[in-house]
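Visitor: See protein04.cif below, with mmCIF, C-alpha atoms and all ligand atoms.
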data_work
#
loop_
_atom_site.label_atom_id
_atom_site.label_comp_id
_atom_site.auth_asym_id
_atom_site.auth_seq_id
_atom_site.Cartn_x
_atom_site.Cartn_y
_atom_site.Cartn_z
CA MET K 1 32.11 73.56 119.66
CA PRO K 2 31.60 76.01 116.77
CA ASP K 3 29.97 78.47 119.17
CA GLN K 4 32.99 78.31 121.50
CA GLN K 5 35.11 81.47 121.65
CA THR K 6 38.89 81.48 121.29
CA ALA K 7 41.39 84.28 121.77
CA ALA K 8 41.88 86.57 118.78
CA GLY K 9 44.27 85.14 116.22
CA GLU K 10 44.37 81.72 117.83
CA ASN K 11 43.72 78.72 115.65
CA PRO K 12 40.54 77.25 117.13
CA ALA K 13 41.64 73.73 116.23
CA ASP K 14 44.91 74.14 118.14
CA GLY K 15 43.15 75.72 121.11
CA ARG K 16 40.68 72.87 121.28
CA ALA K 17 43.35 70.24 120.90
CA ALA K 18 45.17 71.60 123.91
CA THR K 19 42.16 71.76 126.22
CA ALA K 20 39.24 69.72 124.87
CA PRO K 21 38.77 66.00 125.49
CA PRO K 22 39.15 63.93 122.30
CA ALA K 23 36.22 64.17 119.89
CA VAL K 24 36.09 60.37 120.02
CA GLN K 25 37.76 57.92 122.38
CA VAL K 26 37.26 54.20 121.75
CA GLU K 27 38.68 51.43 123.94
CA GLY K 28 38.53 47.70 123.28
CA LEU K 29 35.61 47.80 120.84
CA TRP K 30 34.35 44.48 119.47
CA LYS K 31 31.43 43.54 117.24
CA ARG K 32 30.56 40.14 115.81
CA PHE K 33 27.69 39.28 113.44
CA GLY K 34 27.26 35.51 113.81
CA GLU K 35 30.50 34.00 112.52
CA GLN K 36 31.66 37.30 111.06
CA LEU K 37 33.97 39.37 113.24
CA ALA K 38 33.30 42.90 111.96
CA VAL K 39 35.31 44.90 114.53
CA SER K 40 38.17 43.22 116.43
CA GLY K 41 39.02 45.08 119.62
CA ILE K 42 39.90 48.52 118.33
CA ASP K 43 41.32 51.46 120.27
CA LEU K 44 40.95 54.84 118.67
CA THR K 45 41.61 58.42 119.77
CA LEU K 46 40.38 61.13 117.43
CA PRO K 47 41.31 64.66 118.54
CA ALA K 48 38.81 67.53 118.57
CA GLY K 49 38.86 70.29 115.95
CA ARG K 50 40.21 68.14 113.12
CA PHE K 51 39.05 67.00 109.71
CA ILE K 52 39.39 63.23 110.13
CA GLY K 53 39.19 60.48 107.52
CA LEU K 54 38.36 56.86 108.38
CA VAL K 55 39.59 54.78 105.46
CA GLY K 56 39.74 51.08 104.68
CA PRO K 57 38.85 48.51 102.02
CA ASN K 58 35.33 47.15 101.52
CA GLY K 59 34.23 45.17 104.56
CA ALA K 60 36.98 46.61 106.80
CA GLY K 61 34.44 47.54 109.48
CA LYS K 62 34.14 51.30 108.96
CA THR K 63 30.34 51.47 108.89
CA THR K 64 30.05 49.08 111.84
CA THR K 65 32.51 51.24 113.81
CA LEU K 66 30.75 54.51 112.95
CA SER K 67 27.38 52.96 113.81
CA MET K 68 28.65 51.93 117.25
CA VAL K 69 30.39 55.25 117.85
CA THR K 70 27.23 57.20 117.04
CA GLY K 71 25.02 55.03 119.24
CA LEU K 72 23.13 53.32 116.42
CA LEU K 73 24.53 49.84 117.07
CA ARG K 74 25.34 48.32 120.46
CA PRO K 75 28.91 46.96 120.73
CA ASP K 76 29.55 43.45 122.08
CA THR K 77 32.15 45.00 124.38
CA GLY K 78 34.11 48.23 124.57
CA ARG K 79 33.85 51.82 125.73
CA ILE K 80 33.14 54.82 123.56
CA SER K 81 33.05 58.46 124.58
CA ILE K 82 32.37 61.54 122.52
CA ALA K 83 33.66 64.89 123.78
CA GLY K 84 34.11 63.24 127.18
CA HIS K 85 30.60 61.71 127.40
CA ASP K 86 29.97 57.97 127.38
CA VAL K 87 27.88 57.04 124.33
CA TRP K 88 25.88 54.29 126.02
CA ALA K 89 25.73 55.63 129.59
CA ASP K 90 24.90 59.22 128.65
CA PRO K 91 23.17 59.05 125.24
CA VAL K 92 21.30 62.37 125.51
CA ALA K 93 24.50 64.35 126.21
CA VAL K 94 26.15 62.62 123.25
CA LYS K 95 23.29 62.89 120.79
CA SER K 96 22.87 66.60 121.44
CA ARG K 97 26.53 67.12 120.51
CA ILE K 98 26.71 65.08 117.33
CA GLY K 99 25.34 65.20 113.80
CA VAL K 100 25.19 62.04 111.71
CA LEU K 101 24.87 61.43 107.99
CA PRO K 102 24.57 57.64 107.93
CA GLU K 103 25.13 55.29 105.02
CA GLY K 104 22.00 54.36 103.10
CA LEU K 105 20.30 57.45 104.46
CA ARG K 106 16.75 56.51 105.32
CA MET K 107 14.78 59.71 105.62
CA PHE K 108 11.16 60.79 105.88
CA GLU K 109 10.77 60.85 102.12
CA ARG K 110 7.21 62.10 101.99
CA LEU K 111 8.34 65.42 103.44
CA SER K 112 9.75 68.18 101.28
CA GLY K 113 13.37 69.21 101.90
CA ARG K 114 12.23 72.27 103.84
CA GLU K 115 9.77 70.22 105.91
CA LEU K 116 12.45 67.67 106.70
CA LEU K 117 14.70 70.41 108.08
CA ALA K 118 11.82 71.93 110.05
CA TYR K 119 11.11 68.51 111.53
CA SER K 120 14.79 67.85 112.41
CA GLY K 121 15.11 71.29 114.00
CA ARG K 122 12.04 70.86 116.19
CA LEU K 123 13.19 67.38 117.16
CA ARG K 124 16.43 69.00 118.32
CA GLY K 125 14.44 71.48 120.39
CA LEU K 126 15.40 74.58 118.38
CA PRO K 127 12.90 77.47 118.31
CA GLY K 128 10.85 77.64 115.08
CA ASP K 129 12.19 80.98 113.87
CA GLU K 130 15.80 79.84 114.41
CA VAL K 131 15.08 76.63 112.47
CA ASP K 132 13.58 78.69 109.62
CA LYS K 133 16.63 80.97 109.50
CA ARG K 134 19.17 78.13 109.57
CA ALA K 135 17.18 76.03 107.08
CA THR K 136 17.00 78.92 104.61
CA GLN K 137 20.76 79.49 104.83
CA LEU K 138 21.64 75.80 104.52
CA LEU K 139 19.28 75.28 101.57
CA ASP K 140 20.82 78.33 99.89
CA VAL K 141 24.45 77.38 100.48
CA LEU K 142 23.87 73.77 99.40
CA GLY K 143 22.06 74.81 96.20
CA LEU K 144 18.76 73.25 97.28
CA ALA K 145 16.66 76.42 97.55
CA GLY K 146 14.96 75.70 94.22
CA ALA K 147 14.07 72.16 95.32
CA GLN K 148 13.05 72.95 98.91
CA HIS K 149 9.35 72.24 98.28
CA LYS K 150 9.96 69.04 96.32
CA LEU K 151 9.45 65.75 98.18
CA VAL K 152 12.69 64.11 99.30
CA VAL K 153 11.57 60.88 97.57
CA ASP K 154 12.01 62.75 94.27
CA TYR K 155 15.53 63.99 95.11
CA SER K 156 18.58 62.65 93.26
CA THR K 157 21.34 60.81 95.17
CA GLY K 158 23.45 63.96 95.47
CA MET K 159 20.47 66.04 96.58
CA ARG K 160 19.70 63.43 99.25
CA LYS K 161 23.26 63.64 100.55
CA LYS K 162 22.99 67.42 100.68
CA ILE K 163 19.64 67.51 102.50
CA GLY K 164 20.98 64.82 104.87
CA LEU K 165 24.03 66.99 105.52
CA ALA K 166 21.84 70.05 106.11
CA SER K 167 19.77 68.05 108.57
CA ALA K 168 22.91 66.80 110.37
CA LEU K 169 24.30 70.37 110.66
CA LEU K 170 21.13 72.22 111.61
CA HIS K 171 21.72 72.06 115.39
CA ASN K 172 25.39 73.10 115.00
CA PRO K 173 26.87 69.90 116.44
CA GLU K 174 30.31 69.64 118.00
CA VAL K 175 31.21 66.49 116.08
CA LEU K 176 29.84 65.55 112.65
CA PHE K 177 29.96 61.93 111.42
CA LEU K 178 29.58 61.27 107.70
CA ASP K 179 29.54 57.81 106.13
CA GLU K 180 30.69 58.14 102.51
CA PRO K 181 29.41 61.73 102.12
CA PHE K 182 30.76 62.13 98.59
CA GLU K 183 29.53 58.86 97.09
CA GLY K 184 27.20 59.49 94.14
CA VAL K 185 27.79 63.22 94.35
CA ASP K 186 28.77 65.20 91.22
CA PRO K 187 31.94 67.35 91.29
CA VAL K 188 30.06 70.62 91.64
CA SER K 189 28.01 69.37 94.60
CA ALA K 190 31.14 67.75 96.07
CA GLN K 191 32.85 71.14 95.97
CA THR K 192 29.86 72.72 97.71
CA ILE K 193 29.81 70.06 100.44
CA ARG K 194 33.53 70.45 100.86
CA GLY K 195 33.25 74.21 101.28
CA VAL K 196 30.57 73.80 103.95
CA LEU K 197 32.65 71.22 105.83
CA GLU K 198 35.84 73.30 105.65
CA ARG K 199 34.00 76.31 107.03
CA TYR K 200 32.55 74.16 109.78
CA THR K 201 35.90 72.70 110.90
CA ALA K 202 37.58 76.13 110.68
CA SER K 203 35.24 77.18 113.50
CA GLY K 204 36.70 74.46 115.75
CA ALA K 205 34.23 71.62 115.13
CA THR K 206 35.28 68.06 114.25
CA VAL K 207 34.36 66.18 111.06
CA ILE K 208 34.83 62.42 110.91
CA PHE K 209 34.05 60.79 107.60
CA SER K 210 34.57 57.42 105.99
CA SER K 211 35.71 57.15 102.40
CA HIS K 212 37.44 54.94 99.84
CA VAL K 213 38.70 57.93 97.87
CA MET K 214 42.26 58.51 99.00
CA GLU K 215 42.84 61.69 96.97
CA LEU K 216 39.84 63.22 98.67
CA VAL K 217 40.97 62.18 102.13
CA GLU K 218 44.46 63.45 101.40
CA SER K 219 43.22 66.83 100.24
CA LEU K 220 40.64 67.32 103.02
CA CYS K 221 41.88 65.62 106.16
CA ASP K 222 44.62 66.50 108.60
CA TRP K 223 44.15 63.26 110.57
CA VAL K 224 43.45 59.71 109.37
CA ALA K 225 42.64 56.30 110.79
CA VAL K 226 43.12 53.26 108.56
CA MET K 227 41.04 50.10 109.12
CA ALA K 228 41.56 46.64 107.65
CA GLN K 229 39.84 43.40 108.65
CA GLY K 230 38.18 44.91 111.67
CA ARG K 231 41.37 46.43 113.11
CA ILE K 232 42.96 49.88 113.15
CA VAL K 233 46.25 49.47 111.28
CA ALA K 234 47.34 53.12 111.51
CA GLN K 235 46.09 56.34 113.05
CA GLY K 236 47.52 59.81 113.43
CA PRO K 237 48.27 63.04 111.57
CA LEU K 238 48.00 62.59 107.80
CA ALA K 239 51.71 63.26 107.20
CA GLU K 240 52.69 60.67 109.82
CA VAL K 241 50.43 57.94 108.39
CA ARG K 242 51.62 58.71 104.85
CA GLY K 243 55.24 58.50 106.06
CA GLU K 244 57.75 58.15 103.25
CA ALA K 245 55.12 57.05 100.70
CA PRO K 246 54.57 59.49 97.79
CA THR K 247 50.79 59.57 98.35
CA LEU K 248 48.26 58.37 100.90
CA GLN K 249 47.04 55.86 98.30
CA HIS K 250 50.51 54.23 98.25
CA ALA K 251 50.69 54.19 102.05
CA PHE K 252 47.16 52.77 102.22
CA LEU K 253 47.90 49.91 99.79
CA GLU K 254 51.03 49.11 101.76
CA LEU K 255 49.14 49.14 105.07
CA VAL K 256 46.28 46.93 103.91
CA GLY K 257 48.66 44.60 102.12
CA VAL K 258 47.54 44.83 98.48
CA ARG K 259 50.09 44.33 95.70
CA ASP K 260 49.64 44.85 91.92
CA GLU K 261 50.62 41.26 91.16
CA ASP K 262 47.68 39.95 93.27
CA THR K 263 45.22 40.74 90.48
CA GLY K 264 47.53 40.02 87.53
CA ALA K 265 48.00 36.28 88.08
CA ALA K 266 44.43 35.53 89.14
CA LEU K 267 42.79 37.00 86.03
CA ASP K 268 45.10 35.64 83.34
CA TRP K 269 42.02 34.61 81.25
CA LEU K 270 40.62 38.16 81.14
CA GLY K 271 41.05 40.22 77.97
CA GLY K 272 42.42 39.31 74.55
CA GLY K 273 45.12 36.79 75.69
CA ASN K 274 44.67 33.15 74.51
CA GLY K 275 41.14 33.39 73.05
CA THR K 276 40.26 29.78 74.05
CA ASP K 277 36.99 30.69 75.74
CA ARG K 278 35.72 33.11 73.14
P1 LIG K 301 32.36 49.22 102.84
O1 LIG K 301 33.50 50.11 102.58
O2 LIG K 301 32.22 48.15 101.80
O3 LIG K 301 31.06 49.93 103.13
P2 LIG K 301 32.89 48.80 105.68
O4 LIG K 301 34.33 49.04 105.98
O5 LIG K 301 31.94 49.89 106.00
O6 LIG K 301 32.74 48.35 104.16
P3 LIG K 301 31.21 47.12 107.30
O7 LIG K 301 29.96 47.45 106.56
O8 LIG K 301 31.38 47.68 108.65
O9 LIG K 301 32.49 47.45 106.43
O10 LIG K 301 31.30 45.53 107.39
C1 LIG K 301 32.31 44.83 108.12
C2 LIG K 301 32.01 43.34 108.05
O11 LIG K 301 30.85 43.05 108.84
C3 LIG K 301 31.73 42.82 106.65
O12 LIG K 301 32.29 41.52 106.54
C4 LIG K 301 30.22 42.74 106.60
O13 LIG K 301 29.80 41.71 105.74
C5 LIG K 301 29.86 42.43 108.04
N1 LIG K 301 28.57 43.01 108.43
C6 LIG K 301 28.27 44.32 108.56
N2 LIG K 301 27.00 44.50 108.96
C7 LIG K 301 26.48 43.25 109.10
C8 LIG K 301 25.21 42.75 109.52
N3 LIG K 301 24.22 43.57 109.89
N4 LIG K 301 25.03 41.41 109.55
C9 LIG K 301 26.04 40.57 109.21
N5 LIG K 301 27.28 40.97 108.82
C10 LIG K 301 27.49 42.29 108.76
#
Since I need it in another form, could you write the structure as structure tokens?
Ligand code: ATP
Guide:
Amino acid sequence: MPDQQTAAGENPADGRAATAPPAVQVEGLWKRFGEQLAVSGIDLTLPAGRFIGLVGPNGAGKTTTLSMVTGLLRPDTGRISIAGHDVWADPVAVKSRIGVLPEGLRMFERLSGRELLAYSGRLRGLPGDEVDKRATQLLDVLGLAGAQHKLVVDYSTGMRKKIGLASALLHNPEVLFLDEPFEGVDPVSAQTIRGVLERYTASGATVIFSSHVMELVESLCDWVAVMAQGRIVAQGPLAEVRGEAPTLQHAFLELVGVRDEDTGAALDWLGGGNGTDR
């Protein structure tokens, strides 16, 4: 937990890894939507105190997995615990320890950014003056101070991500889940978000985020899990998953089984080739 003390000079992440239960432990998780098998019996152990990337192609099952892990979607079967607490048997213990920035991000849009944070803080049971203090700091750091009285409905995509992040961080959770936090975010805002997340994990907390952007995952994460077709095809420290490949992108393409020639042959009509259909 960010508030947790460690001995002077000790890396909080290492200290936590040695003693803390995993941030997330998943066993035998399945989810089917009608005929579509979205998650096919995955086992996953994500250590505490790490910056963790969950990567995979479109439709791999990342959002479905994160939704089940954060208690938003009931699994068909499987066990999930967060920081040692069962997500479905002990939801209050889990929900007080996590922050979530979900995909799609439905928020109370008729509130201003400041009001939204005040509402989230009170919902979390924080005292009003503490909520005010934290909200002011988060709005400042995330560059939203000037827009704090604007309605969220009038926020841009990037501003929505940032106010969603502020709301997810307000109660200082132990584990933060982010579904595509950088999508639709400009480079300046991305840098700001990144700075906030790096500071947060440096204090011993865990960030778990899904992304398609391998360069980003490679530069931010020290631990990755790769999903394809509802299964976990690799998980572990970034360097281990990357293996001998020059970049994570190469390792990823290898793991999910995509080859350059797959697109070449299929689209032989595309471009200035034979001209018959033009
Ligand atoms: P992306 O990167 O494109 O967001 P993802 O890895 O997050 O993809 P999911 O959204 O978890 O993938 O989807 C996994 C599979 O489950 C897909 O085939 C998707 O069509 C299906 N699926 C997800 N949610 C539902 C739903 N509510 N009803 C029916 N099928 C669904």
Visitor: Step by step, measure atom-to-atom distances between ligand LIG 301 (chain K) and each residue using only C-alpha atoms and all ligand atoms, keep those at most 8 Å, then write them as a PyMOL selection string.
Guide: chain K and resi 32-34+36-39+55-65+210-212+227-230
Visitor: Counting only C-alpha atoms, which of K:Ala145, K:Leu238, K:Val175, K:Leu270 gets nearest to Val217 (chain K)?
Guide: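 When distances to Val217 (chain K) are compared using only C-alpha atoms, the smallest one comes from K:Leu238.
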Visitor: Taking 2 positions as the minimum chain separation for residues in the same chain, which residues sit within 8 Å of region 41-48 of chain K when counting only C-alpha atoms? Answer as a list in words.
Guide: Ala13, Arg16, Ala17, Ala20, Pro21, Pro22, Ala23, Val24, Gln25, Val26, Glu27, Gly28, Leu29, Trp30, Val39, Arg50, Ile52, Gly78, Ala83, Gly204, Ala205, Thr206, Gly230, Arg231, Ile232 and Gln235 of chain K
Visitor: In Å, rounded to a single decimal, give me how far CA of Gly113 (chain K) is from CA of Val152 (chain K).
Guide: 5.8 Å
Visitor: Mind giving me the straight-line distance from CA of Ala166 (chain K) to CA of Val226 (chain K) in Å, one decimal?
Guide: 27.2 Å
Visitor: Please identify every residue of region 102-128 of chain K that has at least one atom no farther than 10 Å from an atom of region 180-197 of chain K, counting all atoms listed in the file, and for each give the shortest atom pair and the distance in Å to one decimal, arranged by chain then increasing number, as a Markdown table.
Guide:
| residue | atom | partner | partner_atom | distance |
| --- | --- | --- | --- | --- |
| K:Pro102 | CA | K:Glu180 | CA | 8.2 |
| K:Glu103 | CA | K:Glu180 | CA | 6.7 |
| K:Gly104 | CA | K:Glu180 | CA | 9.5 |
Visitor: Grab the residues selected above and save them as a PDB file, in the coordinates of the input with C-alpha atoms.
Guide:
ATOM      1  CA  PRO K 102      24.570  57.640 107.930  1.00  0.00           C
ATOM      2  CA  GLU K 103      25.130  55.290 105.020  1.00  0.00           C
ATOM      3  CA  GLY K 104      22.000  54.360 103.100  1.00  0.00           C
TER       4      GLY K 104
END
Visitor: Place a sphere of radius 12 Å on (19.1, 56.7, 102.8) in the file coordinates and name every protein, DNA or RNA residue with an atom inside or on its surface, counting all atoms listed in the file; give the answer as an mmCIF file with C-alpha atoms, in the coordinates of the input.
Guide:
data_model
loop_
_atom_site.group_PDB
_atom_site.id
_atom_site.type_symbol
_atom_site.label_atom_id
_atom_site.label_comp_id
_atom_site.auth_asym_id
_atom_site.auth_seq_id
_atom_site.Cartn_x
_atom_site.Cartn_y
_atom_site.Cartn_z
ATOM 1 C CA LEU K 101 24.870 61.430 107.990
ATOM 2 C CA PRO K 102 24.570 57.640 107.930
ATOM 3 C CA GLU K 103 25.130 55.290 105.020
ATOM 4 C CA GLY K 104 22.000 54.360 103.100
ATOM 5 C CA LEU K 105 20.300 57.450 104.460
ATOM 6 C CA ARG K 106 16.750 56.510 105.320
ATOM 7 C CA MET K 107 14.780 59.710 105.620
ATOM 8 C CA PHE K 108 11.160 60.790 105.880
ATOM 9 C CA GLU K 109 10.770 60.850 102.120
ATOM 10 C CA VAL K 152 12.690 64.110 99.300
ATOM 11 C CA VAL K 153 11.570 60.880 97.570
ATOM 12 C CA TYR K 155 15.530 63.990 95.110
ATOM 13 C CA SER K 156 18.580 62.650 93.260
ATOM 14 C CA THR K 157 21.340 60.810 95.170
ATOM 15 C CA GLY K 158 23.450 63.960 95.470
ATOM 16 C CA MET K 159 20.470 66.040 96.580
ATOM 17 C CA ARG K 160 19.700 63.430 99.250
ATOM 18 C CA LYS K 161 23.260 63.640 100.550
ATOM 19 C CA LYS K 162 22.990 67.420 100.680
ATOM 20 C CA ILE K 163 19.640 67.510 102.500
ATOM 21 C CA GLY K 164 20.980 64.820 104.870
ATOM 22 C CA LEU K 165 24.030 66.990 105.520
ATOM 23 C CA ASP K 179 29.540 57.810 106.130
ATOM 24 C CA GLU K 180 30.690 58.140 102.510
ATOM 25 C CA PRO K 181 29.410 61.730 102.120
#
Visitor: Could you jot down the CA of Pro91 (chain K) to CA of Arg79 (chain K) separation for me, Å, one decimal place?
Guide: 12.9 Å
Visitor: Go through region 114-148 of chain K residue by residue and, counting all atoms listed in the file, keep those with an atom at most 12 Å from region 93-96 of chain K; for each kept residue give the shortest atom pair and its distance in Å to one decimal, ordered by chain and increasing number, as a tab-separated table.
Guide:
residue	atom	partner	partner_atom	distance
K:Gly121	CA	K:Ser96	CA	11.7
K:Leu123	CA	K:Ser96	CA	10.6
K:Arg124	CA	K:Ser96	CA	7.5
K:Gly125	CA	K:Ser96	CA	9.8
K:Leu126	CA	K:Ser96	CA	11.4
Visitor: So, counting only C-alpha atoms, which residue among K:Leu169, K:Leu176, K:Ser40, K:Gly128 is closest to Phe209 (chain K)?
Guide: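 Nearest candidate to Phe209 (chain K) out of K:Leu169, K:Leu176, K:Ser40, K:Gly128: K:Leu176.
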Visitor: Please, which residues are within 7 Å of (29.1, 61.2, 121.2) by the file's coordinates, counting only C-alpha atoms, and could they come as a PDB file with C-alpha atoms, in the coordinates of the input?
Guide:
ATOM      1  CA  VAL K  69      30.390  55.250 117.850  1.00  0.00           C
ATOM      2  CA  THR K  70      27.230  57.200 117.040  1.00  0.00           C
ATOM      3  CA  SER K  81      33.050  58.460 124.580  1.00  0.00           C
ATOM      4  CA  ILE K  82      32.370  61.540 122.520  1.00  0.00           C
ATOM      5  CA  ALA K  83      33.660  64.890 123.780  1.00  0.00           C
ATOM      6  CA  HIS K  85      30.600  61.710 127.400  1.00  0.00           C
ATOM      7  CA  VAL K  87      27.880  57.040 124.330  1.00  0.00           C
ATOM      8  CA  VAL K  94      26.150  62.620 123.250  1.00  0.00           C
ATOM      9  CA  LYS K  95      23.290  62.890 120.790  1.00  0.00           C
ATOM     10  CA  ARG K  97      26.530  67.120 120.510  1.00  0.00           C
ATOM     11  CA  ILE K  98      26.710  65.080 117.330  1.00  0.00           C
TER      12      ILE K  98
END
Visitor: Taking into account all atoms listed in the file, which residue in the set K:Arg199, K:Arg74, K:His250, K:His171 is nearest to Ser120 (chain K)?
Guide: K:His171
Visitor: At a cut-off of 12 Å, using only C-alpha atoms, what residues contact Arg122 (chain K)? Leave out same-chain residues fewer than 6 positions from it and give the result as number ranges by chain.
Guide: K: 115-116, 128-132, 135, 167, 170-171
Visitor: Which is closest to Leu117 (chain K) among K:Val141, K:Trp88, K:Gly243, K:Ala168, if we use only C-alpha atoms?
Guide: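 Between K:Val141, K:Trp88, K:Gly243, K:Ala168, the residue approaching Leu117 (chain K) most closely is K:Ala168.
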Visitor: Could you rebuild region 112-127 of chain K with N, CA, C and O atoms and give it back as a short mmCIF file (atom, residue, chain, number, x, y, z; two decimals), in the frame of the given file?
Guide:
data_model
loop_
_atom_site.label_atom_id
_atom_site.label_comp_id
_atom_site.auth_asym_id
_atom_site.auth_seq_id
_atom_site.Cartn_x
_atom_site.Cartn_y
_atom_site.Cartn_z
N SER K 112 8.89 67.41 102.17
CA SER K 112 9.75 68.18 101.28
C SER K 112 11.06 68.44 102.01
O SER K 112 11.15 68.24 103.24
N GLY K 113 12.08 68.91 101.28
CA GLY K 113 13.37 69.21 101.90
C GLY K 113 13.22 70.19 103.04
O GLY K 113 13.77 70.02 104.13
N ARG K 114 12.44 71.24 102.81
CA ARG K 114 12.23 72.27 103.84
C ARG K 114 11.52 71.68 105.05
O ARG K 114 11.88 71.94 106.19
N GLU K 115 10.50 70.83 104.78
CA GLU K 115 9.77 70.22 105.91
C GLU K 115 10.67 69.28 106.72
O GLU K 115 10.59 69.22 107.94
N LEU K 116 11.54 68.59 106.01
CA LEU K 116 12.45 67.67 106.70
C LEU K 116 13.34 68.45 107.68
O LEU K 116 13.57 68.03 108.82
N LEU K 117 13.85 69.59 107.21
CA LEU K 117 14.70 70.41 108.08
C LEU K 117 13.90 70.98 109.25
O LEU K 117 14.38 71.01 110.40
N ALA K 118 12.66 71.39 108.97
CA ALA K 118 11.82 71.93 110.05
C ALA K 118 11.59 70.84 111.10
O ALA K 118 11.70 71.07 112.31
N TYR K 119 11.35 69.64 110.63
CA TYR K 119 11.11 68.51 111.53
C TYR K 119 12.36 68.21 112.38
O TYR K 119 12.29 68.08 113.60
N SER K 120 13.53 68.13 111.69
CA SER K 120 14.79 67.85 112.41
C SER K 120 15.06 68.92 113.45
O SER K 120 15.49 68.61 114.57
N GLY K 121 14.83 70.18 113.08
CA GLY K 121 15.11 71.29 114.00
C GLY K 121 14.24 71.23 115.23
O GLY K 121 14.72 71.42 116.36
N ARG K 122 12.95 70.92 115.05
CA ARG K 122 12.04 70.86 116.19
C ARG K 122 12.39 69.68 117.08
O ARG K 122 12.31 69.75 118.28
N LEU K 123 12.79 68.57 116.41
CA LEU K 123 13.19 67.38 117.16
C LEU K 123 14.40 67.69 118.05
O LEU K 123 14.55 67.14 119.14
N ARG K 124 15.25 68.58 117.56
CA ARG K 124 16.43 69.00 118.32
C ARG K 124 16.10 70.07 119.35
O ARG K 124 17.00 70.58 120.03
N GLY K 125 14.86 70.50 119.39
CA GLY K 125 14.44 71.48 120.39
C GLY K 125 14.80 72.92 120.05
O GLY K 125 14.81 73.78 120.93
N LEU K 126 15.09 73.19 118.76
CA LEU K 126 15.40 74.58 118.38
C LEU K 126 14.10 75.37 118.21
O LEU K 126 13.10 74.81 117.73
N PRO K 127 14.10 76.67 118.54
CA PRO K 127 12.90 77.47 118.31
C PRO K 127 12.58 77.56 116.81
O PRO K 127 13.49 77.57 115.97
#
